[in-house]
>>> print(open('entry_13.cif').read())   # mmCIF, N, CA and C atoms
data_coords
loop_
_atom_site.group_PDB
_atom_site.id
_atom_site.type_symbol
_atom_site.label_atom_id
_atom_site.label_comp_id
_atom_site.auth_asym_id
_atom_site.auth_seq_id
_atom_site.Cartn_x
_atom_site.Cartn_y
_atom_site.Cartn_z
ATOM 1 N N MET W 1 -32.558 30.815 -265.955
ATOM 2 C CA MET W 1 -33.828 30.124 -265.879
ATOM 3 C C MET W 1 -33.585 28.742 -265.276
ATOM 4 N N THR W 2 -34.335 28.406 -264.228
ATOM 5 C CA THR W 2 -34.186 27.108 -263.575
ATOM 6 C C THR W 2 -35.060 26.063 -264.262
ATOM 7 N N LEU W 3 -34.836 24.817 -263.912
ATOM 8 C CA LEU W 3 -35.637 23.733 -264.481
ATOM 9 C C LEU W 3 -37.108 23.878 -264.088
ATOM 10 N N ASP W 4 -37.363 24.344 -262.884
ATOM 11 C CA ASP W 4 -38.755 24.580 -262.457
ATOM 12 C C ASP W 4 -39.419 25.653 -263.321
ATOM 13 N N ASP W 5 -38.661 26.672 -263.701
ATOM 14 C CA ASP W 5 -39.189 27.708 -264.594
ATOM 15 C C ASP W 5 -39.551 27.132 -265.961
ATOM 16 N N VAL W 6 -38.708 26.241 -266.450
ATOM 17 C CA VAL W 6 -38.963 25.613 -267.749
ATOM 18 C C VAL W 6 -40.230 24.770 -267.686
ATOM 19 N N TRP W 7 -40.370 23.967 -266.640
ATOM 20 C CA TRP W 7 -41.590 23.157 -266.494
ATOM 21 C C TRP W 7 -42.822 24.049 -266.369
ATOM 22 N N PHE W 8 -42.704 25.131 -265.611
ATOM 23 C CA PHE W 8 -43.836 26.045 -265.458
ATOM 24 C C PHE W 8 -44.251 26.631 -266.810
ATOM 25 N N SER W 9 -43.275 27.044 -267.612
ATOM 26 C CA SER W 9 -43.566 27.589 -268.939
ATOM 27 C C SER W 9 -44.209 26.534 -269.827
ATOM 28 N N PHE W 10 -43.694 25.315 -269.748
ATOM 29 C CA PHE W 10 -44.235 24.218 -270.547
ATOM 30 C C PHE W 10 -45.693 23.953 -270.163
ATOM 31 N N PHE W 11 -45.972 23.901 -268.867
ATOM 32 C CA PHE W 11 -47.344 23.648 -268.420
ATOM 33 C C PHE W 11 -48.278 24.812 -268.735
ATOM 34 N N SER W 12 -47.763 26.010 -268.791
ATOM 35 C CA SER W 12 -48.621 27.161 -269.094
ATOM 36 C C SER W 12 -49.212 27.059 -270.495
ATOM 37 N N HIS W 13 -48.517 26.398 -271.405
ATOM 38 C CA HIS W 13 -49.068 26.176 -272.742
ATOM 39 C C HIS W 13 -50.314 25.298 -272.680
ATOM 40 N N PHE W 14 -50.317 24.335 -271.785
ATOM 41 C CA PHE W 14 -51.454 23.422 -271.676
ATOM 42 C C PHE W 14 -52.683 24.106 -271.092
ATOM 43 N N THR W 15 -52.476 25.074 -270.230
ATOM 44 C CA THR W 15 -53.631 25.746 -269.626
ATOM 45 C C THR W 15 -54.390 26.577 -270.646
ATOM 46 N N ARG W 16 -53.730 26.919 -271.740
ATOM 47 C CA ARG W 16 -54.388 27.695 -272.794
ATOM 48 C C ARG W 16 -55.150 26.823 -273.790
ATOM 49 N N ASN W 17 -54.958 25.520 -273.719
ATOM 50 C CA ASN W 17 -55.609 24.615 -274.657
ATOM 51 C C ASN W 17 -56.911 24.093 -274.048
ATOM 52 N N LYS W 18 -58.020 24.319 -274.724
ATOM 53 C CA LYS W 18 -59.325 23.909 -274.201
ATOM 54 C C LYS W 18 -59.549 22.403 -274.273
ATOM 55 N N LEU W 19 -58.723 21.696 -275.053
ATOM 56 C CA LEU W 19 -58.850 20.240 -275.152
ATOM 57 C C LEU W 19 -58.289 19.532 -273.916
ATOM 58 N N ILE W 20 -57.372 20.198 -273.231
ATOM 59 C CA ILE W 20 -56.690 19.576 -272.097
ATOM 60 C C ILE W 20 -57.327 20.052 -270.793
ATOM 61 N N GLU W 21 -57.758 19.077 -269.999
ATOM 62 C CA GLU W 21 -58.437 19.398 -268.737
ATOM 63 C C GLU W 21 -57.475 19.483 -267.564
ATOM 64 N N GLN W 22 -56.453 18.610 -267.566
ATOM 65 C CA GLN W 22 -55.525 18.592 -266.440
ATOM 66 C C GLN W 22 -54.172 18.053 -266.898
ATOM 67 N N VAL W 23 -53.103 18.623 -266.356
ATOM 68 C CA VAL W 23 -51.744 18.149 -266.611
ATOM 69 C C VAL W 23 -51.054 17.998 -265.269
ATOM 70 N N GLU W 24 -50.403 16.877 -265.100
ATOM 71 C CA GLU W 24 -49.698 16.622 -263.854
ATOM 72 C C GLU W 24 -48.352 15.976 -264.177
ATOM 73 N N LYS W 25 -47.317 16.394 -263.457
ATOM 74 C CA LYS W 25 -45.986 15.805 -263.622
ATOM 75 C C LYS W 25 -45.628 15.079 -262.342
ATOM 76 N N LYS W 26 -45.228 13.813 -262.518
ATOM 77 C CA LYS W 26 -44.755 13.023 -261.386
ATOM 78 C C LYS W 26 -43.356 12.542 -261.714
ATOM 79 N N GLU W 27 -42.499 12.549 -260.719
ATOM 80 C CA GLU W 27 -41.145 12.046 -260.916
ATOM 81 C C GLU W 27 -40.998 10.722 -260.190
ATOM 82 N N ILE W 28 -40.574 9.728 -260.952
ATOM 83 C CA ILE W 28 -40.319 8.408 -260.391
ATOM 84 C C ILE W 28 -38.858 8.098 -260.680
ATOM 85 N N THR W 29 -38.078 7.924 -259.647
ATOM 86 C CA THR W 29 -36.623 7.751 -259.734
ATOM 87 C C THR W 29 -35.986 8.837 -260.597
ATOM 88 N N HIS W 30 -36.435 10.069 -260.386
ATOM 89 C CA HIS W 30 -35.910 11.269 -261.053
ATOM 90 C C HIS W 30 -36.203 11.319 -262.555
ATOM 91 N N VAL W 31 -37.184 10.529 -263.002
ATOM 92 C CA VAL W 31 -37.618 10.560 -264.403
ATOM 93 C C VAL W 31 -39.009 11.191 -264.433
ATOM 94 N N PRO W 32 -39.171 12.295 -265.179
ATOM 95 C CA PRO W 32 -40.483 12.950 -265.209
ATOM 96 C C PRO W 32 -41.482 12.210 -266.104
ATOM 97 N N PHE W 33 -42.686 12.031 -265.587
ATOM 98 C CA PHE W 33 -43.791 11.457 -266.339
ATOM 99 C C PHE W 33 -44.911 12.479 -266.369
ATOM 100 N N LEU W 34 -45.475 12.701 -267.546
ATOM 101 C CA LEU W 34 -46.596 13.621 -267.686
ATOM 102 C C LEU W 34 -47.893 12.839 -267.774
ATOM 103 N N TYR W 35 -48.868 13.268 -267.006
ATOM 104 C CA TYR W 35 -50.202 12.687 -267.052
ATOM 105 C C TYR W 35 -51.141 13.771 -267.547
ATOM 106 N N ILE W 36 -51.731 13.530 -268.704
ATOM 107 C CA ILE W 36 -52.592 14.523 -269.342
ATOM 108 C C ILE W 36 -53.995 13.962 -269.427
ATOM 109 N N THR W 37 -54.962 14.733 -268.935
ATOM 110 C CA THR W 37 -56.357 14.325 -268.968
ATOM 111 C C THR W 37 -57.099 15.164 -269.997
ATOM 112 N N SER W 38 -57.772 14.467 -270.919
ATOM 113 C CA SER W 38 -58.554 15.145 -271.945
ATOM 114 C C SER W 38 -59.688 14.235 -272.392
ATOM 115 N N SER W 39 -60.902 14.724 -272.295
ATOM 116 C CA SER W 39 -62.041 13.954 -272.786
ATOM 117 C C SER W 39 -62.522 14.493 -274.132
ATOM 118 N N LYS W 40 -61.922 15.594 -274.585
ATOM 119 C CA LYS W 40 -62.378 16.253 -275.813
ATOM 120 C C LYS W 40 -61.459 15.996 -277.001
ATOM 121 N N GLY W 41 -60.175 15.837 -276.766
ATOM 122 C CA GLY W 41 -59.224 15.688 -277.861
ATOM 123 C C GLY W 41 -58.770 14.246 -278.012
ATOM 124 N N ASP W 42 -58.339 13.893 -279.212
ATOM 125 C CA ASP W 42 -57.791 12.560 -279.397
ATOM 126 C C ASP W 42 -56.280 12.587 -279.166
ATOM 127 N N ARG W 43 -55.678 11.426 -279.176
ATOM 128 C CA ARG W 43 -54.257 11.311 -278.851
ATOM 129 C C ARG W 43 -53.392 12.109 -279.837
ATOM 130 N N HIS W 44 -53.738 12.084 -281.102
ATOM 131 C CA HIS W 44 -52.965 12.807 -282.115
ATOM 132 C C HIS W 44 -52.965 14.310 -281.829
ATOM 133 N N GLN W 45 -54.109 14.870 -281.476
ATOM 134 C CA GLN W 45 -54.198 16.304 -281.172
ATOM 135 C C GLN W 45 -53.361 16.652 -279.950
ATOM 136 N N ILE W 46 -53.402 15.802 -278.932
ATOM 137 C CA ILE W 46 -52.645 16.054 -277.705
ATOM 138 C C ILE W 46 -51.143 15.982 -277.988
ATOM 139 N N GLU W 47 -50.706 14.970 -278.739
ATOM 140 C CA GLU W 47 -49.289 14.844 -279.069
ATOM 141 C C GLU W 47 -48.807 16.036 -279.895
ATOM 142 N N LYS W 48 -49.650 16.513 -280.784
ATOM 143 C CA LYS W 48 -49.294 17.690 -281.584
ATOM 144 C C LYS W 48 -49.118 18.907 -280.672
ATOM 145 N N TRP W 49 -49.993 19.067 -279.704
ATOM 146 C CA TRP W 49 -49.899 20.195 -278.781
ATOM 147 C C TRP W 49 -48.630 20.097 -277.922
ATOM 148 N N ILE W 50 -48.261 18.889 -277.503
ATOM 149 C CA ILE W 50 -47.023 18.697 -276.740
ATOM 150 C C ILE W 50 -45.828 19.109 -277.595
ATOM 151 N N HIS W 51 -45.830 18.702 -278.850
ATOM 152 C CA HIS W 51 -44.737 19.044 -279.766
ATOM 153 C C HIS W 51 -44.625 20.564 -279.941
ATOM 154 N N ILE W 52 -45.742 21.220 -280.130
ATOM 155 C CA ILE W 52 -45.752 22.683 -280.300
ATOM 156 C C ILE W 52 -45.218 23.367 -279.043
ATOM 157 N N ALA W 53 -45.698 22.938 -277.882
ATOM 158 C CA ALA W 53 -45.264 23.549 -276.618
ATOM 159 C C ALA W 53 -43.766 23.344 -276.396
ATOM 160 N N SER W 54 -43.258 22.162 -276.723
ATOM 161 C CA SER W 54 -41.838 21.892 -276.496
ATOM 162 C C SER W 54 -40.947 22.681 -277.451
ATOM 163 N N ARG W 55 -41.429 22.960 -278.641
ATOM 164 C CA ARG W 55 -40.635 23.733 -279.601
ATOM 165 C C ARG W 55 -40.605 25.212 -279.242
ATOM 166 N N GLN W 56 -41.594 25.698 -278.512
ATOM 167 C CA GLN W 56 -41.635 27.107 -278.144
ATOM 168 C C GLN W 56 -40.794 27.419 -276.924
ATOM 169 N N LEU W 57 -40.417 26.425 -276.147
ATOM 170 C CA LEU W 57 -39.617 26.662 -274.944
ATOM 171 C C LEU W 57 -38.275 27.322 -275.229
ATOM 172 N N PRO W 58 -37.491 26.859 -276.208
ATOM 173 C CA PRO W 58 -36.207 27.538 -276.436
ATOM 174 C C PRO W 58 -36.356 29.018 -276.791
ATOM 175 N N GLN W 59 -37.422 29.392 -277.452
ATOM 176 C CA GLN W 59 -37.650 30.787 -277.798
ATOM 177 C C GLN W 59 -37.945 31.610 -276.547
ATOM 178 N N MET W 60 -38.606 30.994 -275.565
ATOM 179 C CA MET W 60 -38.965 31.710 -274.348
ATOM 180 C C MET W 60 -37.758 31.937 -273.448
ATOM 181 N N GLN W 61 -36.713 31.121 -273.581
ATOM 182 C CA GLN W 61 -35.550 31.242 -272.726
ATOM 183 C C GLN W 61 -34.635 32.377 -273.127
ATOM 184 N N LYS W 62 -34.790 32.916 -274.316
ATOM 185 C CA LYS W 62 -33.919 33.996 -274.795
ATOM 186 C C LYS W 62 -34.215 35.309 -274.130
#
>>> encode(input="entry_13.cif", output="structure tokens")
Amino acid sequence: MTLDDVWFSFFSHFTRNKLIEQVEKKEITHVPFLYITSSKGDRHQIEKWIHIASRQLPQMQK
């Protein structure tokens, strides 16, 4: 599994969440920054969803 595959899997979790309208990754000096747009969810809900998505990635790599 390549790094692009991992990012794709990570972003696919966001497309299933109705609170998140858009997710974009930008790299600045090889450091990834995530830009998440949501007018429906608060910051706590979004951070919780990021945590859930990141914990599911190792299971998907098996």
>>> resolve_selection(input="entry_13.cif", expression="the PyMOL selection byres ((chain W and resi 40) around 8)", output="list of chain:residue names")
W:Lys18, W:Leu19, W:Ile20, W:Glu21, W:Thr37, W:Ser38, W:Ser39, W:Gly41, W:Asp42, W:Arg43
>>> resolve_selection(input="entry_13.cif", expression="the PyMOL selection byres (((chain W and resi 29-35 and name CA) around 12) and name CA)", output="ChimeraX atom specification")
/W:3,7,10-11,14,20-28,36-38,46-47,50
>>> residues_near_point(input="entry_13.cif", point="(-45.5, 26.1, -275.9)", cutoff="7 Å", atoms="only N, CA and C atoms", output="PyMOL selection string")
chain W and resi 9-10+12-14+51-57
>>> select_by_dssp(input="entry_13.cif", residues="stretch 6-58 of chain W", states="alpha helix (DSSP H)", output="CSV table (one decimal) with N, CA and C atoms, keeping the file's coordinate frame")
chain,number,residue,atom,x,y,z
W,6,VAL,N,-38.7,26.2,-266.4
W,6,VAL,CA,-39.0,25.6,-267.7
W,6,VAL,C,-40.2,24.8,-267.7
W,7,TRP,N,-40.4,24.0,-266.6
W,7,TRP,CA,-41.6,23.2,-266.5
W,7,TRP,C,-42.8,24.0,-266.4
W,8,PHE,N,-42.7,25.1,-265.6
W,8,PHE,CA,-43.8,26.0,-265.5
W,8,PHE,C,-44.3,26.6,-266.8
W,9,SER,N,-43.3,27.0,-267.6
W,9,SER,CA,-43.6,27.6,-268.9
W,9,SER,C,-44.2,26.5,-269.8
W,10,PHE,N,-43.7,25.3,-269.7
W,10,PHE,CA,-44.2,24.2,-270.5
W,10,PHE,C,-45.7,24.0,-270.2
W,11,PHE,N,-46.0,23.9,-268.9
W,11,PHE,CA,-47.3,23.6,-268.4
W,11,PHE,C,-48.3,24.8,-268.7
W,12,SER,N,-47.8,26.0,-268.8
W,12,SER,CA,-48.6,27.2,-269.1
W,12,SER,C,-49.2,27.1,-270.5
W,13,HIS,N,-48.5,26.4,-271.4
W,13,HIS,CA,-49.1,26.2,-272.7
W,13,HIS,C,-50.3,25.3,-272.7
W,14,PHE,N,-50.3,24.3,-271.8
W,14,PHE,CA,-51.5,23.4,-271.7
W,14,PHE,C,-52.7,24.1,-271.1
W,15,THR,N,-52.5,25.1,-270.2
W,15,THR,CA,-53.6,25.7,-269.6
W,15,THR,C,-54.4,26.6,-270.6
W,43,ARG,N,-55.7,11.4,-279.2
W,43,ARG,CA,-54.3,11.3,-278.9
W,43,ARG,C,-53.4,12.1,-279.8
W,44,HIS,N,-53.7,12.1,-281.1
W,44,HIS,CA,-53.0,12.8,-282.1
W,44,HIS,C,-53.0,14.3,-281.8
W,45,GLN,N,-54.1,14.9,-281.5
W,45,GLN,CA,-54.2,16.3,-281.2
W,45,GLN,C,-53.4,16.7,-280.0
W,46,ILE,N,-53.4,15.8,-278.9
W,46,ILE,CA,-52.6,16.1,-277.7
W,46,ILE,C,-51.1,16.0,-278.0
W,47,GLU,N,-50.7,15.0,-278.7
W,47,GLU,CA,-49.3,14.8,-279.1
W,47,GLU,C,-48.8,16.0,-279.9
W,48,LYS,N,-49.6,16.5,-280.8
W,48,LYS,CA,-49.3,17.7,-281.6
W,48,LYS,C,-49.1,18.9,-280.7
W,49,TRP,N,-50.0,19.1,-279.7
W,49,TRP,CA,-49.9,20.2,-278.8
W,49,TRP,C,-48.6,20.1,-277.9
W,50,ILE,N,-48.3,18.9,-277.5
W,50,ILE,CA,-47.0,18.7,-276.7
W,50,ILE,C,-45.8,19.1,-277.6
W,51,HIS,N,-45.8,18.7,-278.8
W,51,HIS,CA,-44.7,19.0,-279.8
W,51,HIS,C,-44.6,20.6,-279.9
W,52,ILE,N,-45.7,21.2,-280.1
W,52,ILE,CA,-45.8,22.7,-280.3
W,52,ILE,C,-45.2,23.4,-279.0
W,53,ALA,N,-45.7,22.9,-277.9
W,53,ALA,CA,-45.3,23.5,-276.6
W,53,ALA,C,-43.8,23.3,-276.4
W,54,SER,N,-43.3,22.2,-276.7
W,54,SER,CA,-41.8,21.9,-276.5
W,54,SER,C,-40.9,22.7,-277.5
W,55,ARG,N,-41.4,23.0,-278.6
W,55,ARG,CA,-40.6,23.7,-279.6
W,55,ARG,C,-40.6,25.2,-279.2
W,56,GLN,N,-41.6,25.7,-278.5
W,56,GLN,CA,-41.6,27.1,-278.1
W,56,GLN,C,-40.8,27.4,-276.9
W,57,LEU,N,-40.4,26.4,-276.1
W,57,LEU,CA,-39.6,26.7,-274.9
W,57,LEU,C,-38.3,27.3,-275.2
W,58,PRO,N,-37.5,26.9,-276.2
W,58,PRO,CA,-36.2,27.5,-276.4
W,58,PRO,C,-36.4,29.0,-276.8
>>> atom_distance(input="entry_13.cif", atom1="atom N of W:Thr2", atom2="atom C of W:Gln45")
27.3 Å
>>> atom_distance(input="entry_13.cif", atom1="atom CA of W:Asp5", atom2="atom C of W:His44")
25.8 Å
>>> atom_distance(input="entry_13.cif", atom1="atom C of W:Val6", atom2="atom CA of W:Trp49")
15.4 Å
>>> select_by_dssp(input="entry_13.cif", residues="chain W", states="strand (DSSP E or B)", output="list of chain:residue names")
W:Gln22, W:Val23, W:Glu24, W:Lys25, W:Lys26, W:Glu27, W:Ile28, W:Val31, W:Pro32, W:Phe33, W:Leu34, W:Tyr35, W:Ile36, W:Thr37
>>> build_atoms(input="entry_13.cif", residues="stretch 25-46 of chain W", atoms="N, CA, C and O atoms", output="short mmCIF file (atom, residue, chain, number, x, y, z; two decimals), in the coordinates of the input")
data_model
loop_
_atom_site.label_atom_id
_atom_site.label_comp_id
_atom_site.auth_asym_id
_atom_site.auth_seq_id
_atom_site.Cartn_x
_atom_site.Cartn_y
_atom_site.Cartn_z
N LYS W 25 -47.32 16.39 -263.46
CA LYS W 25 -45.99 15.80 -263.62
C LYS W 25 -45.63 15.08 -262.34
O LYS W 25 -45.73 15.63 -261.24
N LYS W 26 -45.23 13.81 -262.52
CA LYS W 26 -44.76 13.02 -261.39
C LYS W 26 -43.36 12.54 -261.71
O LYS W 26 -43.07 12.20 -262.85
N GLU W 27 -42.50 12.55 -260.72
CA GLU W 27 -41.14 12.05 -260.92
C GLU W 27 -41.00 10.72 -260.19
O GLU W 27 -41.28 10.62 -259.00
N ILE W 28 -40.57 9.73 -260.95
CA ILE W 28 -40.32 8.41 -260.39
C ILE W 28 -38.86 8.10 -260.68
O ILE W 28 -38.45 8.06 -261.85
N THR W 29 -38.08 7.92 -259.65
CA THR W 29 -36.62 7.75 -259.73
C THR W 29 -35.99 8.84 -260.60
O THR W 29 -35.16 8.56 -261.46
N HIS W 30 -36.44 10.07 -260.39
CA HIS W 30 -35.91 11.27 -261.05
C HIS W 30 -36.20 11.32 -262.56
O HIS W 30 -35.56 12.05 -263.29
N VAL W 31 -37.18 10.53 -263.00
CA VAL W 31 -37.62 10.56 -264.40
C VAL W 31 -39.01 11.19 -264.43
O VAL W 31 -39.93 10.70 -263.78
N PRO W 32 -39.17 12.30 -265.18
CA PRO W 32 -40.48 12.95 -265.21
C PRO W 32 -41.48 12.21 -266.10
O PRO W 32 -41.15 11.78 -267.21
N PHE W 33 -42.69 12.03 -265.59
CA PHE W 33 -43.79 11.46 -266.34
C PHE W 33 -44.91 12.48 -266.37
O PHE W 33 -45.24 13.07 -265.34
N LEU W 34 -45.48 12.70 -267.55
CA LEU W 34 -46.60 13.62 -267.69
C LEU W 34 -47.89 12.84 -267.77
O LEU W 34 -47.98 11.88 -268.54
N TYR W 35 -48.87 13.27 -267.01
CA TYR W 35 -50.20 12.69 -267.05
C TYR W 35 -51.14 13.77 -267.55
O TYR W 35 -51.29 14.80 -266.91
N ILE W 36 -51.73 13.53 -268.70
CA ILE W 36 -52.59 14.52 -269.34
C ILE W 36 -54.00 13.96 -269.43
O ILE W 36 -54.21 12.86 -269.94
N THR W 37 -54.96 14.73 -268.94
CA THR W 37 -56.36 14.32 -268.97
C THR W 37 -57.10 15.16 -270.00
O THR W 37 -57.04 16.39 -269.97
N SER W 38 -57.77 14.47 -270.92
CA SER W 38 -58.55 15.14 -271.94
C SER W 38 -59.69 14.24 -272.39
O SER W 38 -59.45 13.11 -272.81
N SER W 39 -60.90 14.72 -272.30
CA SER W 39 -62.04 13.95 -272.79
C SER W 39 -62.52 14.49 -274.13
O SER W 39 -63.39 13.91 -274.76
N LYS W 40 -61.92 15.59 -274.58
CA LYS W 40 -62.38 16.25 -275.81
C LYS W 40 -61.46 16.00 -277.00
O LYS W 40 -61.92 15.98 -278.13
N GLY W 41 -60.18 15.84 -276.77
CA GLY W 41 -59.22 15.69 -277.86
C GLY W 41 -58.77 14.25 -278.01
O GLY W 41 -58.81 13.47 -277.06
N ASP W 42 -58.34 13.89 -279.21
CA ASP W 42 -57.79 12.56 -279.40
C ASP W 42 -56.28 12.59 -279.17
O ASP W 42 -55.68 13.64 -278.99
N ARG W 43 -55.68 11.43 -279.18
CA ARG W 43 -54.26 11.31 -278.85
C ARG W 43 -53.39 12.11 -279.84
O ARG W 43 -52.42 12.75 -279.44
N HIS W 44 -53.74 12.08 -281.10
CA HIS W 44 -52.96 12.81 -282.12
C HIS W 44 -52.96 14.31 -281.83
O HIS W 44 -51.92 14.96 -281.92
N GLN W 45 -54.11 14.87 -281.48
CA GLN W 45 -54.20 16.30 -281.17
C GLN W 45 -53.36 16.65 -279.95
O GLN W 45 -52.69 17.68 -279.92
N ILE W 46 -53.40 15.80 -278.93
CA ILE W 46 -52.64 16.05 -277.70
C ILE W 46 -51.14 15.98 -277.99
O ILE W 46 -50.37 16.84 -277.54
#
